[in-house]
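Structure data follow from model-v6.tsv (TSV, N, CA and C atoms):
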chain	number	residue	atom	x	y	z
A	1	MET	N	29.71	7.33	-14.68
A	1	MET	CA	28.28	7.36	-14.39
A	1	MET	C	27.68	5.98	-14.69
A	2	SER	N	26.80	5.53	-13.84
A	2	SER	CA	26.20	4.21	-14.04
A	2	SER	C	25.15	4.27	-15.15
A	3	PRO	N	24.88	3.13	-15.76
A	3	PRO	CA	23.89	3.11	-16.85
A	3	PRO	C	22.49	3.37	-16.30
A	4	PRO	N	21.58	3.86	-17.14
A	4	PRO	CA	20.21	4.10	-16.69
A	4	PRO	C	19.56	2.81	-16.21
A	5	GLN	N	18.72	2.92	-15.19
A	5	GLN	CA	17.99	1.78	-14.66
A	5	GLN	C	16.63	1.72	-15.34
A	6	GLN	N	16.14	0.53	-15.57
A	6	GLN	CA	14.83	0.37	-16.20
A	6	GLN	C	14.04	-0.72	-15.51
A	7	ILE	N	12.75	-0.46	-15.33
A	7	ILE	CA	11.82	-1.49	-14.91
A	7	ILE	C	10.73	-1.55	-15.97
A	8	ILE	N	9.99	-2.63	-15.97
A	8	ILE	CA	8.85	-2.77	-16.86
A	8	ILE	C	7.65	-3.10	-16.01
A	9	ALA	N	6.59	-2.32	-16.14
A	9	ALA	CA	5.34	-2.57	-15.43
A	9	ALA	C	4.30	-3.01	-16.47
A	10	THR	N	3.67	-4.15	-16.22
A	10	THR	CA	2.70	-4.70	-17.16
A	10	THR	C	1.35	-4.81	-16.46
A	11	TRP	N	0.34	-4.19	-17.06
A	11	TRP	CA	-1.02	-4.27	-16.52
A	11	TRP	C	-1.49	-5.71	-16.55
A	12	GLN	N	-2.10	-6.17	-15.47
A	12	GLN	CA	-2.51	-7.57	-15.35
A	12	GLN	C	-3.96	-7.83	-15.76
A	13	HIS	N	-4.58	-6.91	-16.49
A	13	HIS	CA	-5.94	-7.06	-17.02
A	13	HIS	C	-6.99	-7.19	-15.92
A	14	ARG	N	-6.72	-6.57	-14.78
A	14	ARG	CA	-7.71	-6.53	-13.71
A	14	ARG	C	-7.44	-5.29	-12.87
A	15	GLY	N	-8.46	-4.45	-12.76
A	15	GLY	CA	-8.36	-3.25	-11.93
A	15	GLY	C	-7.14	-2.41	-12.25
A	16	MET	N	-6.42	-2.06	-11.20
A	16	MET	CA	-5.21	-1.25	-11.33
A	16	MET	C	-3.99	-2.05	-10.92
A	17	VAL	N	-4.00	-3.34	-11.24
A	17	VAL	CA	-2.93	-4.24	-10.84
A	17	VAL	C	-1.86	-4.32	-11.93
A	18	PHE	N	-0.62	-4.11	-11.52
A	18	PHE	CA	0.52	-4.18	-12.42
A	18	PHE	C	1.55	-5.14	-11.84
A	19	SER	N	2.25	-5.82	-12.73
A	19	SER	CA	3.41	-6.61	-12.35
A	19	SER	C	4.62	-5.80	-12.80
A	20	GLY	N	5.47	-5.47	-11.84
A	20	GLY	CA	6.65	-4.67	-12.16
A	20	GLY	C	7.90	-5.48	-11.93
A	21	GLU	N	8.85	-5.31	-12.84
A	21	GLU	CA	10.10	-6.05	-12.67
A	21	GLU	C	11.25	-5.35	-13.39
A	22	LYS	N	12.41	-5.59	-12.87
A	22	LYS	CA	13.64	-5.25	-13.58
A	22	LYS	C	13.92	-6.47	-14.44
A	23	PRO	N	14.19	-6.30	-15.73
A	23	PRO	CA	14.40	-7.47	-16.58
A	23	PRO	C	15.37	-8.48	-15.95
A	24	GLY	N	14.91	-9.72	-15.90
A	24	GLY	CA	15.73	-10.79	-15.35
A	24	GLY	C	15.62	-10.96	-13.84
A	25	LYS	N	14.84	-10.11	-13.18
A	25	LYS	CA	14.68	-10.18	-11.72
A	25	LYS	C	13.25	-10.57	-11.38
A	26	PRO	N	12.98	-11.00	-10.14
A	26	PRO	CA	11.63	-11.41	-9.76
A	26	PRO	C	10.65	-10.22	-9.83
A	27	PRO	N	9.41	-10.49	-10.25
A	27	PRO	CA	8.42	-9.42	-10.33
A	27	PRO	C	7.81	-9.09	-8.97
A	28	VAL	N	7.25	-7.90	-8.86
A	28	VAL	CA	6.48	-7.50	-7.69
A	28	VAL	C	5.12	-7.00	-8.20
A	29	THR	N	4.12	-7.17	-7.37
A	29	THR	CA	2.78	-6.71	-7.72
A	29	THR	C	2.54	-5.36	-7.08
A	30	ILE	N	2.06	-4.42	-7.89
A	30	ILE	CA	1.67	-3.10	-7.41
A	30	ILE	C	0.21	-2.92	-7.80
A	31	ASP	N	-0.61	-2.49	-6.84
A	31	ASP	CA	-2.04	-2.35	-7.08
A	31	ASP	C	-2.50	-0.96	-6.67
A	32	GLY	N	-3.01	-0.21	-7.63
A	32	GLY	CA	-3.50	1.14	-7.35
A	32	GLY	C	-4.56	1.20	-6.28
A	33	LYS	N	-5.26	0.08	-6.04
A	33	LYS	CA	-6.28	0.03	-4.98
A	33	LYS	C	-5.79	-0.70	-3.74
A	34	ALA	N	-4.54	-1.18	-3.77
A	34	ALA	CA	-3.90	-1.83	-2.62
A	34	ALA	C	-4.64	-3.07	-2.13
A	35	THR	N	-5.25	-3.82	-3.06
A	35	THR	CA	-5.91	-5.06	-2.65
A	35	THR	C	-5.06	-6.29	-2.95
A	36	GLU	N	-4.35	-6.30	-4.07
A	36	GLU	CA	-3.53	-7.46	-4.44
A	36	GLU	C	-2.04	-7.24	-4.19
A	37	GLY	N	-1.71	-6.08	-3.71
A	37	GLY	CA	-0.33	-5.73	-3.42
A	37	GLY	C	-0.30	-4.30	-2.93
A	38	PRO	N	0.87	-3.80	-2.56
A	38	PRO	CA	0.94	-2.42	-2.10
A	38	PRO	C	0.59	-1.46	-3.23
A	39	SER	N	0.02	-0.32	-2.83
A	39	SER	CA	-0.24	0.74	-3.80
A	39	SER	C	1.09	1.37	-4.18
A	40	PRO	N	1.14	2.14	-5.25
A	40	PRO	CA	2.40	2.81	-5.60
A	40	PRO	C	2.94	3.68	-4.45
A	41	MET	N	2.06	4.36	-3.75
A	41	MET	CA	2.52	5.21	-2.65
A	41	MET	C	3.00	4.38	-1.46
A	42	ASP	N	2.35	3.24	-1.21
A	42	ASP	CA	2.84	2.33	-0.17
A	42	ASP	C	4.19	1.75	-0.57
A	43	ALA	N	4.33	1.41	-1.85
A	43	ALA	CA	5.59	0.86	-2.34
A	43	ALA	C	6.73	1.85	-2.17
A	44	LEU	N	6.42	3.13	-2.30
A	44	LEU	CA	7.45	4.15	-2.08
A	44	LEU	C	7.93	4.13	-0.63
A	45	LEU	N	7.00	3.99	0.32
A	45	LEU	CA	7.40	3.92	1.73
A	45	LEU	C	8.18	2.63	2.00
A	46	ILE	N	7.78	1.53	1.35
A	46	ILE	CA	8.54	0.28	1.50
A	46	ILE	C	9.95	0.47	0.96
A	47	ALA	N	10.07	1.19	-0.16
A	47	ALA	CA	11.39	1.45	-0.75
A	47	ALA	C	12.25	2.29	0.21
A	48	VAL	N	11.64	3.27	0.86
A	48	VAL	CA	12.37	4.07	1.85
A	48	VAL	C	12.89	3.16	2.96
A	49	ALA	N	12.02	2.29	3.48
A	49	ALA	CA	12.42	1.39	4.57
A	49	ALA	C	13.52	0.44	4.12
A	50	GLY	N	13.37	-0.14	2.95
A	50	GLY	CA	14.37	-1.09	2.46
A	50	GLY	C	15.72	-0.44	2.20
A	51	CYS	N	15.69	0.77	1.67
A	51	CYS	CA	16.94	1.47	1.34
A	51	CYS	C	17.69	1.89	2.61
A	52	THR	N	17.01	2.58	3.49
A	52	THR	CA	17.69	3.03	4.71
A	52	THR	C	18.05	1.83	5.59
A	53	GLY	N	17.20	0.80	5.59
A	53	GLY	CA	17.49	-0.39	6.38
A	53	GLY	C	18.76	-1.09	5.91
A	54	ALA	N	18.92	-1.21	4.60
A	54	ALA	CA	20.13	-1.84	4.06
A	54	ALA	C	21.37	-1.05	4.47
A	55	ASP	N	21.27	0.28	4.41
A	55	ASP	CA	22.40	1.12	4.82
A	55	ASP	C	22.75	0.91	6.29
A	56	VAL	N	21.73	0.91	7.14
A	56	VAL	CA	21.95	0.75	8.58
A	56	VAL	C	22.60	-0.61	8.87
A	57	VAL	N	22.11	-1.66	8.22
A	57	VAL	CA	22.71	-2.99	8.41
A	57	VAL	C	24.19	-2.96	8.04
A	58	LEU	N	24.52	-2.40	6.89
A	58	LEU	CA	25.92	-2.36	6.44
A	58	LEU	C	26.80	-1.56	7.40
A	59	VAL	N	26.33	-0.41	7.84
A	59	VAL	CA	27.14	0.42	8.74
A	59	VAL	C	27.32	-0.28	10.08
A	60	LEU	N	26.27	-0.90	10.61
A	60	LEU	CA	26.40	-1.60	11.89
A	60	LEU	C	27.32	-2.81	11.76
A	61	GLU	N	27.28	-3.49	10.62
A	61	GLU	CA	28.22	-4.59	10.40
A	61	GLU	C	29.66	-4.09	10.41
A	62	LYS	N	29.90	-2.95	9.75
A	62	LYS	CA	31.26	-2.39	9.73
A	62	LYS	C	31.72	-1.99	11.13
A	63	LYS	N	30.76	-1.61	11.97
A	63	LYS	CA	31.09	-1.25	13.35
A	63	LYS	C	31.19	-2.49	14.24
A	64	ARG	N	30.97	-3.66	13.66
A	64	ARG	CA	31.00	-4.94	14.38
A	64	ARG	C	29.96	-4.99	15.50
A	65	ILE	N	28.82	-4.41	15.22
A	65	ILE	CA	27.71	-4.44	16.17
A	65	ILE	C	26.86	-5.67	15.87
A	66	ASP	N	26.52	-6.39	16.92
A	66	ASP	CA	25.76	-7.63	16.81
A	66	ASP	C	24.27	-7.33	16.62
A	67	LEU	N	23.89	-7.05	15.38
A	67	LEU	CA	22.50	-6.72	15.06
A	67	LEU	C	21.69	-8.01	15.04
A	68	ARG	N	20.67	-8.06	15.89
A	68	ARG	CA	19.82	-9.25	15.96
A	68	ARG	C	18.50	-9.05	15.23
A	69	GLU	N	17.99	-7.82	15.27
A	69	GLU	CA	16.71	-7.54	14.61
A	69	GLU	C	16.64	-6.05	14.27
A	70	LEU	N	16.05	-5.77	13.11
A	70	LEU	CA	15.83	-4.40	12.68
A	70	LEU	C	14.43	-4.33	12.09
A	71	ARG	N	13.60	-3.51	12.69
A	71	ARG	CA	12.23	-3.29	12.20
A	71	ARG	C	12.10	-1.82	11.90
A	72	ILE	N	11.59	-1.50	10.72
A	72	ILE	CA	11.48	-0.10	10.30
A	72	ILE	C	10.03	0.18	9.94
A	73	ALA	N	9.42	1.09	10.68
A	73	ALA	CA	8.04	1.53	10.39
A	73	ALA	C	8.12	2.92	9.76
A	74	VAL	N	7.54	3.06	8.60
A	74	VAL	CA	7.58	4.34	7.89
A	74	VAL	C	6.16	4.86	7.74
A	75	THR	N	5.96	6.11	8.11
A	75	THR	CA	4.66	6.76	8.00
A	75	THR	C	4.79	7.96	7.08
A	76	GLY	N	3.88	8.05	6.13
A	76	GLY	CA	3.88	9.19	5.23
A	76	GLY	C	2.62	10.01	5.40
A	77	LYS	N	2.79	11.32	5.51
A	77	LYS	CA	1.65	12.23	5.57
A	77	LYS	C	1.44	12.78	4.17
A	78	ARG	N	0.20	12.72	3.69
A	78	ARG	CA	-0.09	13.14	2.32
A	78	ARG	C	-1.00	14.35	2.27
A	79	ARG	N	-0.89	15.09	1.17
A	79	ARG	CA	-1.79	16.22	0.92
A	79	ARG	C	-3.19	15.71	0.66
A	80	GLU	N	-4.18	16.56	0.95
A	80	GLU	CA	-5.57	16.22	0.65
A	80	GLU	C	-5.87	16.47	-0.82
A	81	GLU	N	-5.27	17.53	-1.39
A	81	GLU	CA	-5.54	17.89	-2.78
A	81	GLU	C	-4.57	17.17	-3.72
A	82	LEU	N	-4.95	17.15	-4.99
A	82	LEU	CA	-4.11	16.51	-6.00
A	82	LEU	C	-2.93	17.37	-6.37
A	83	PRO	N	-1.79	16.84	-6.64
A	83	PRO	CA	-1.45	15.43	-6.43
A	83	PRO	C	-1.28	15.16	-4.93
A	84	GLN	N	-1.73	14.02	-4.50
A	84	GLN	CA	-1.70	13.68	-3.08
A	84	GLN	C	-0.33	13.13	-2.70
A	85	ARG	N	0.67	13.94	-2.90
A	85	ARG	CA	2.04	13.53	-2.63
A	85	ARG	C	2.32	13.56	-1.14
A	86	TYR	N	3.42	12.93	-0.76
A	86	TYR	CA	3.83	12.98	0.64
A	86	TYR	C	4.35	14.37	0.96
A	87	THR	N	3.98	14.84	2.14
A	87	THR	CA	4.46	16.14	2.61
A	87	THR	C	5.39	15.98	3.81
A	88	ALA	N	5.39	14.81	4.40
A	88	ALA	CA	6.29	14.51	5.52
A	88	ALA	C	6.40	13.00	5.65
A	89	ILE	N	7.58	12.55	6.04
A	89	ILE	CA	7.81	11.12	6.26
A	89	ILE	C	8.47	10.95	7.63
A	90	GLY	N	7.93	10.03	8.40
A	90	GLY	CA	8.49	9.70	9.71
A	90	GLY	C	8.91	8.24	9.74
A	91	ILE	N	10.04	7.97	10.33
A	91	ILE	CA	10.58	6.61	10.37
A	91	ILE	C	10.85	6.24	11.83
A	92	VAL	N	10.43	5.05	12.22
A	92	VAL	CA	10.77	4.52	13.54
A	92	VAL	C	11.61	3.27	13.32
A	93	TYR	N	12.85	3.33	13.79
A	93	TYR	CA	13.78	2.20	13.71
A	93	TYR	C	13.73	1.49	15.06
A	94	THR	N	13.35	0.22	15.06
A	94	THR	CA	13.41	-0.58	16.27
A	94	THR	C	14.57	-1.55	16.07
A	95	VAL	N	15.60	-1.37	16.89
A	95	VAL	CA	16.86	-2.09	16.72
A	95	VAL	C	17.12	-2.95	17.95
A	96	THR	N	17.37	-4.22	17.71
A	96	THR	CA	17.81	-5.11	18.77
A	96	THR	C	19.26	-5.46	18.49
A	97	ALA	N	20.13	-4.97	19.35
A	97	ALA	CA	21.58	-5.15	19.18
A	97	ALA	C	22.25	-5.11	20.54
A	98	PRO	N	22.41	-6.28	21.16
A	98	PRO	CA	23.02	-6.31	22.49
A	98	PRO	C	24.39	-5.61	22.50
A	99	GLY	N	24.54	-4.70	23.45
A	99	GLY	CA	25.81	-3.99	23.60
A	99	GLY	C	25.96	-2.75	22.75
A	100	ALA	N	25.05	-2.52	21.82
A	100	ALA	CA	25.16	-1.34	20.96
A	100	ALA	C	24.80	-0.08	21.74
A	101	THR	N	25.52	1.00	21.47
A	101	THR	CA	25.18	2.27	22.10
A	101	THR	C	24.21	3.02	21.20
A	102	GLU	N	23.41	3.86	21.84
A	102	GLU	CA	22.47	4.70	21.08
A	102	GLU	C	23.24	5.57	20.09
A	103	GLN	N	24.37	6.09	20.50
A	103	GLN	CA	25.18	6.95	19.63
A	103	GLN	C	25.63	6.20	18.38
A	104	ALA	N	26.06	4.96	18.50
A	104	ALA	CA	26.52	4.19	17.34
A	104	ALA	C	25.39	3.91	16.37
A	105	VAL	N	24.22	3.57	16.90
A	105	VAL	CA	23.09	3.27	16.03
A	105	VAL	C	22.58	4.55	15.37
A	106	ARG	N	22.51	5.64	16.12
A	106	ARG	CA	22.08	6.90	15.52
A	106	ARG	C	23.06	7.35	14.43
A	107	GLN	N	24.34	7.11	14.64
A	107	GLN	CA	25.32	7.47	13.61
A	107	GLN	C	25.04	6.69	12.32
A	108	ALA	N	24.72	5.41	12.44
A	108	ALA	CA	24.40	4.60	11.26
A	108	ALA	C	23.15	5.14	10.55
A	109	ILE	N	22.13	5.48	11.32
A	109	ILE	CA	20.90	6.03	10.73
A	109	ILE	C	21.18	7.38	10.08
A	110	ASP	N	21.91	8.24	10.77
A	110	ASP	CA	22.22	9.56	10.22
A	110	ASP	C	23.02	9.46	8.92
A	111	LEU	N	23.98	8.53	8.87
A	111	LEU	CA	24.75	8.33	7.64
A	111	LEU	C	23.83	7.90	6.50
A	112	SER	N	22.90	7.01	6.80
A	112	SER	CA	21.96	6.56	5.77
A	112	SER	C	21.15	7.73	5.24
A	113	LEU	N	20.51	8.46	6.14
A	113	LEU	CA	19.60	9.52	5.70
A	113	LEU	C	20.32	10.73	5.11
A	114	ALA	N	21.52	11.03	5.58
A	114	ALA	CA	22.24	12.21	5.09
A	114	ALA	C	23.09	11.92	3.86
A	115	THR	N	23.55	10.67	3.71
A	115	THR	CA	24.55	10.41	2.67
A	115	THR	C	24.20	9.27	1.73
A	116	TYR	N	23.76	8.12	2.26
A	116	TYR	CA	23.71	6.91	1.46
A	116	TYR	C	22.38	6.57	0.79
A	117	CYS	N	21.27	6.82	1.43
A	117	CYS	CA	19.98	6.30	0.95
A	117	CYS	C	19.54	6.99	-0.34
A	118	SER	N	19.65	6.28	-1.44
A	118	SER	CA	19.29	6.83	-2.74
A	118	SER	C	17.80	7.13	-2.86
A	119	VAL	N	16.98	6.35	-2.19
A	119	VAL	CA	15.53	6.57	-2.28
A	119	VAL	C	15.15	7.89	-1.62
A	120	THR	N	15.60	8.12	-0.40
A	120	THR	CA	15.23	9.38	0.26
A	120	THR	C	15.82	10.58	-0.48
A	121	HIS	N	16.99	10.40	-1.06
A	121	HIS	CA	17.60	11.50	-1.81
A	121	HIS	C	16.93	11.71	-3.17
A	122	SER	N	16.10	10.78	-3.60
A	122	SER	CA	15.36	10.94	-4.85
A	122	SER	C	14.02	11.65	-4.64
A	123	LEU	N	13.64	11.84	-3.40
A	123	LEU	CA	12.39	12.54	-3.09
A	123	LEU	C	12.59	14.05	-3.17
A	124	ASN	N	11.49	14.77	-3.32
A	124	ASN	CA	11.55	16.22	-3.33
A	124	ASN	C	12.18	16.69	-2.02
A	125	PRO	N	13.17	17.58	-2.08
A	125	PRO	CA	13.86	18.00	-0.85
A	125	PRO	C	12.98	18.78	0.13
A	126	ASP	N	11.78	19.18	-0.29
A	126	ASP	CA	10.91	19.90	0.65
A	126	ASP	C	10.12	18.94	1.55
A	127	ILE	N	10.34	17.63	1.41
A	127	ILE	CA	9.66	16.65	2.26
A	127	ILE	C	10.54	16.38	3.48
A	128	PRO	N	10.12	16.84	4.65
A	128	PRO	CA	10.94	16.56	5.84
A	128	PRO	C	10.88	15.08	6.21
A	129	ILE	N	12.04	14.55	6.56
A	129	ILE	CA	12.13	13.15	7.00
A	129	ILE	C	12.68	13.17	8.42
A	130	THR	N	11.88	12.66	9.34
A	130	THR	CA	12.28	12.61	10.75
A	130	THR	C	12.36	11.14	11.16
A	131	TYR	N	13.06	10.89	12.27
A	131	TYR	CA	13.12	9.52	12.74
A	131	TYR	C	13.18	9.45	14.26
A	132	GLU	N	12.77	8.28	14.74
A	132	GLU	CA	12.89	7.92	16.14
A	132	GLU	C	13.64	6.60	16.21
A	133	LEU	N	14.34	6.38	17.30
A	133	LEU	CA	15.06	5.14	17.51
A	133	LEU	C	14.57	4.48	18.78
A	134	VAL	N	14.21	3.21	18.66
A	134	VAL	CA	13.89	2.38	19.82
A	134	VAL	C	14.99	1.32	19.85
A	135	LEU	N	15.88	1.45	20.82
A	135	LEU	CA	17.02	0.54	20.93
A	135	LEU	C	16.73	-0.47	22.03
A	136	GLN	N	16.77	-1.75	21.65
A	136	GLN	CA	16.52	-2.82	22.59
A	136	GLN	C	17.78	-3.65	22.77
A	137	ALA	N	18.01	-4.06	24.00
A	137	ALA	CA	19.21	-4.85	24.30
A	137	ALA	C	19.07	-6.26	23.81
Please re-express this file's structure in structure tokens.
Amino acid sequence: MSPPQQIIATWQHRGMVFSGEKPGKPPVTIDGKATEGPSPMDALLIAVAGCTGADVVLVLEKKRIDLRELRIAVTGKRREELPQRYTAIGIVYTVTAPGATEQAVRQAIDLSLATYCSVTHSLNPDIPITYELVLQA
């Protein structure tokens, strides 16, 4: 089993702005009002995009697919009442990979979402995650 992960978030003495970092790594700014950086909920969607994106890149590299560009748009639907957690997440993968088949790219995405992406697997399992693929030559 891997050791526990730790981050440290330090209030920046203004509003709801925090500097968060893993010790020894570069800090990121998180802002509860989303003015000086992403809000915590926005950061969660960024984490989803970064996690699944990294998986897709690795799988496509293993398939020797010439990935030229990968853009991931993540949309989260939230409850109106507290806690205003996400109730659904939608992902649009825009992939530019000359010669890649839709089947190969979908397989990479499916592997990420079903097996590899630690962020999506850390979310409550009652949150449906759907995706669309826009494949460009």
*Would you list, as a list in words, the residues of range 21-92 of chain A that end up in strand (DSSP E or B) under DSSP run on this structure's backbone?*
Glu21, Val28, Thr29, Ile30, Asp31, Glu69, Leu70, Arg71, Ile72, Ala73, Val74, Thr75, Gly76, Lys77, Arg78, Tyr86, Thr87, Ala88, Ile89, Gly90, Ile91 and Val92 of chain A
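One finds CA of Met41 in chain A at 9.7 Å from CA of Arg78 in chain A.
In terms of minimum interatomic distance to Gln136 in chain A, A:Ala100 ranks closest within A:Leu60, A:Leu123, A:Ala114, A:Ala100, counting only N, CA and C atoms.
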*Long-range neighbours of Val105 in chain A as a PyMOL selection string, 12 Å cut-off, only C-alpha atoms, 6 positions minimum in chain*: chain A and resi 53+55-67+70+93-99+111-112+132-136
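You will find atom C of Gly20 in chain A at 21.5 Å from atom C of Thr52 in chain A.
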List every protein, DNA or RNA residue that has at least one atom no more than 8 Å from (7.8, 9.6, 1.4) in the file's coordinates, counting all atoms listed in the file, and write the result as a PDB file with N, CA and C atoms, in the coordinates of the input.
ATOM      1  N   MET A  41       2.060   4.360  -3.750  1.00  0.00           N
ATOM      2  CA  MET A  41       2.520   5.210  -2.650  1.00  0.00           C
ATOM      3  C   MET A  41       3.000   4.380  -1.460  1.00  0.00           C
ATOM      4  N   LEU A  44       6.420   3.130  -2.300  1.00  0.00           N
ATOM      5  CA  LEU A  44       7.450   4.150  -2.080  1.00  0.00           C
ATOM      6  C   LEU A  44       7.930   4.130  -0.630  1.00  0.00           C
ATOM      7  N   LEU A  45       7.000   3.990   0.320  1.00  0.00           N
ATOM      8  CA  LEU A  45       7.400   3.920   1.730  1.00  0.00           C
ATOM      9  C   LEU A  45       8.180   2.630   2.000  1.00  0.00           C
ATOM     10  N   VAL A  48      11.640   3.270   0.860  1.00  0.00           N
ATOM     11  CA  VAL A  48      12.370   4.070   1.850  1.00  0.00           C
ATOM     12  C   VAL A  48      12.890   3.160   2.960  1.00  0.00           C
ATOM     13  N   THR A  75       5.960   6.110   8.110  1.00  0.00           N
ATOM     14  CA  THR A  75       4.660   6.760   8.000  1.00  0.00           C
ATOM     15  C   THR A  75       4.790   7.960   7.080  1.00  0.00           C
ATOM     16  N   GLY A  76       3.880   8.050   6.130  1.00  0.00           N
ATOM     17  CA  GLY A  76       3.880   9.190   5.230  1.00  0.00           C
ATOM     18  C   GLY A  76       2.620  10.010   5.400  1.00  0.00           C
ATOM     19  N   LYS A  77       2.790  11.320   5.510  1.00  0.00           N
ATOM     20  CA  LYS A  77       1.650  12.230   5.570  1.00  0.00           C
ATOM     21  C   LYS A  77       1.440  12.780   4.170  1.00  0.00           C
ATOM     22  N   ARG A  85       0.670  13.940  -2.900  1.00  0.00           N
ATOM     23  CA  ARG A  85       2.040  13.530  -2.630  1.00  0.00           C
ATOM     24  C   ARG A  85       2.320  13.560  -1.140  1.00  0.00           C
ATOM     25  N   TYR A  86       3.420  12.930  -0.760  1.00  0.00           N
ATOM     26  CA  TYR A  86       3.830  12.980   0.640  1.00  0.00           C
ATOM     27  C   TYR A  86       4.350  14.370   0.960  1.00  0.00           C
ATOM     28  N   THR A  87       3.980  14.840   2.140  1.00  0.00           N
ATOM     29  CA  THR A  87       4.460  16.140   2.610  1.00  0.00           C
ATOM     30  C   THR A  87       5.390  15.980   3.810  1.00  0.00           C
ATOM     31  N   ALA A  88       5.390  14.810   4.400  1.00  0.00           N
ATOM     32  CA  ALA A  88       6.290  14.510   5.520  1.00  0.00           C
ATOM     33  C   ALA A  88       6.400  13.000   5.650  1.00  0.00           C
ATOM     34  N   ILE A  89       7.580  12.550   6.040  1.00  0.00           N
ATOM     35  CA  ILE A  89       7.810  11.120   6.260  1.00  0.00           C
ATOM     36  C   ILE A  89       8.470  10.950   7.630  1.00  0.00           C
ATOM     37  N   GLY A  90       7.930  10.030   8.400  1.00  0.00           N
ATOM     38  CA  GLY A  90       8.490   9.700   9.710  1.00  0.00           C
ATOM     39  C   GLY A  90       8.910   8.240   9.740  1.00  0.00           C
ATOM     40  N   THR A 120      15.600   8.120  -0.400  1.00  0.00           N
ATOM     41  CA  THR A 120      15.230   9.380   0.260  1.00  0.00           C
ATOM     42  C   THR A 120      15.820  10.580  -0.480  1.00  0.00           C
ATOM     43  N   LEU A 123      13.640  11.840  -3.400  1.00  0.00           N
ATOM     44  CA  LEU A 123      12.390  12.540  -3.090  1.00  0.00           C
ATOM     45  C   LEU A 123      12.590  14.050  -3.170  1.00  0.00           C
ATOM     46  N   ASN A 124      11.490  14.770  -3.320  1.00  0.00           N
ATOM     47  CA  ASN A 124      11.550  16.220  -3.330  1.00  0.00           C
ATOM     48  C   ASN A 124      12.180  16.690  -2.020  1.00  0.00           C
ATOM     49  N   ILE A 127      10.340  17.630   1.410  1.00  0.00           N
ATOM     50  CA  ILE A 127       9.660  16.650   2.260  1.00  0.00           C
ATOM     51  C   ILE A 127      10.540  16.380   3.480  1.00  0.00           C
ATOM     52  N   PRO A 128      10.120  16.840   4.650  1.00  0.00           N
ATOM     53  CA  PRO A 128      10.940  16.560   5.840  1.00  0.00           C
ATOM     54  C   PRO A 128      10.880  15.080   6.210  1.00  0.00           C
ATOM     55  N   ILE A 129      12.040  14.550   6.560  1.00  0.00           N
ATOM     56  CA  ILE A 129      12.130  13.150   7.000  1.00  0.00           C
ATOM     57  C   ILE A 129      12.680  13.170   8.420  1.00  0.00           C
TER      58      ILE A 129
END
*Out of A:Met16, A:Ile72, A:Met1, A:Ala34, which residue has the shortest atom-to-atom distance to Gly50 in chain A when counting only N, CA and C atoms?*
A:Ile72
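Protein and nucleic acid residues near (-0.5, -7.2, -7.0) are Met16, Val17, Phe18, Ser19, Gly20, Val28, Thr29, Ile30, Asp31, Gly32, Ala34, Thr35, Glu36, Gly37 and Pro38 of chain A, the criterion being any atom at most 8 Å away using all atoms listed in the file.
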*Please, what distance in Å, to one decimal, runs between CA of Ala73 in chain A and CA of Tyr131 in chain A?*
9.8 Å
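Nearest to Cys51 in chain A of all the residues A:Gln107, A:Thr101, A:Val74, A:Gly15 is A:Val74, counting only C-alpha atoms.
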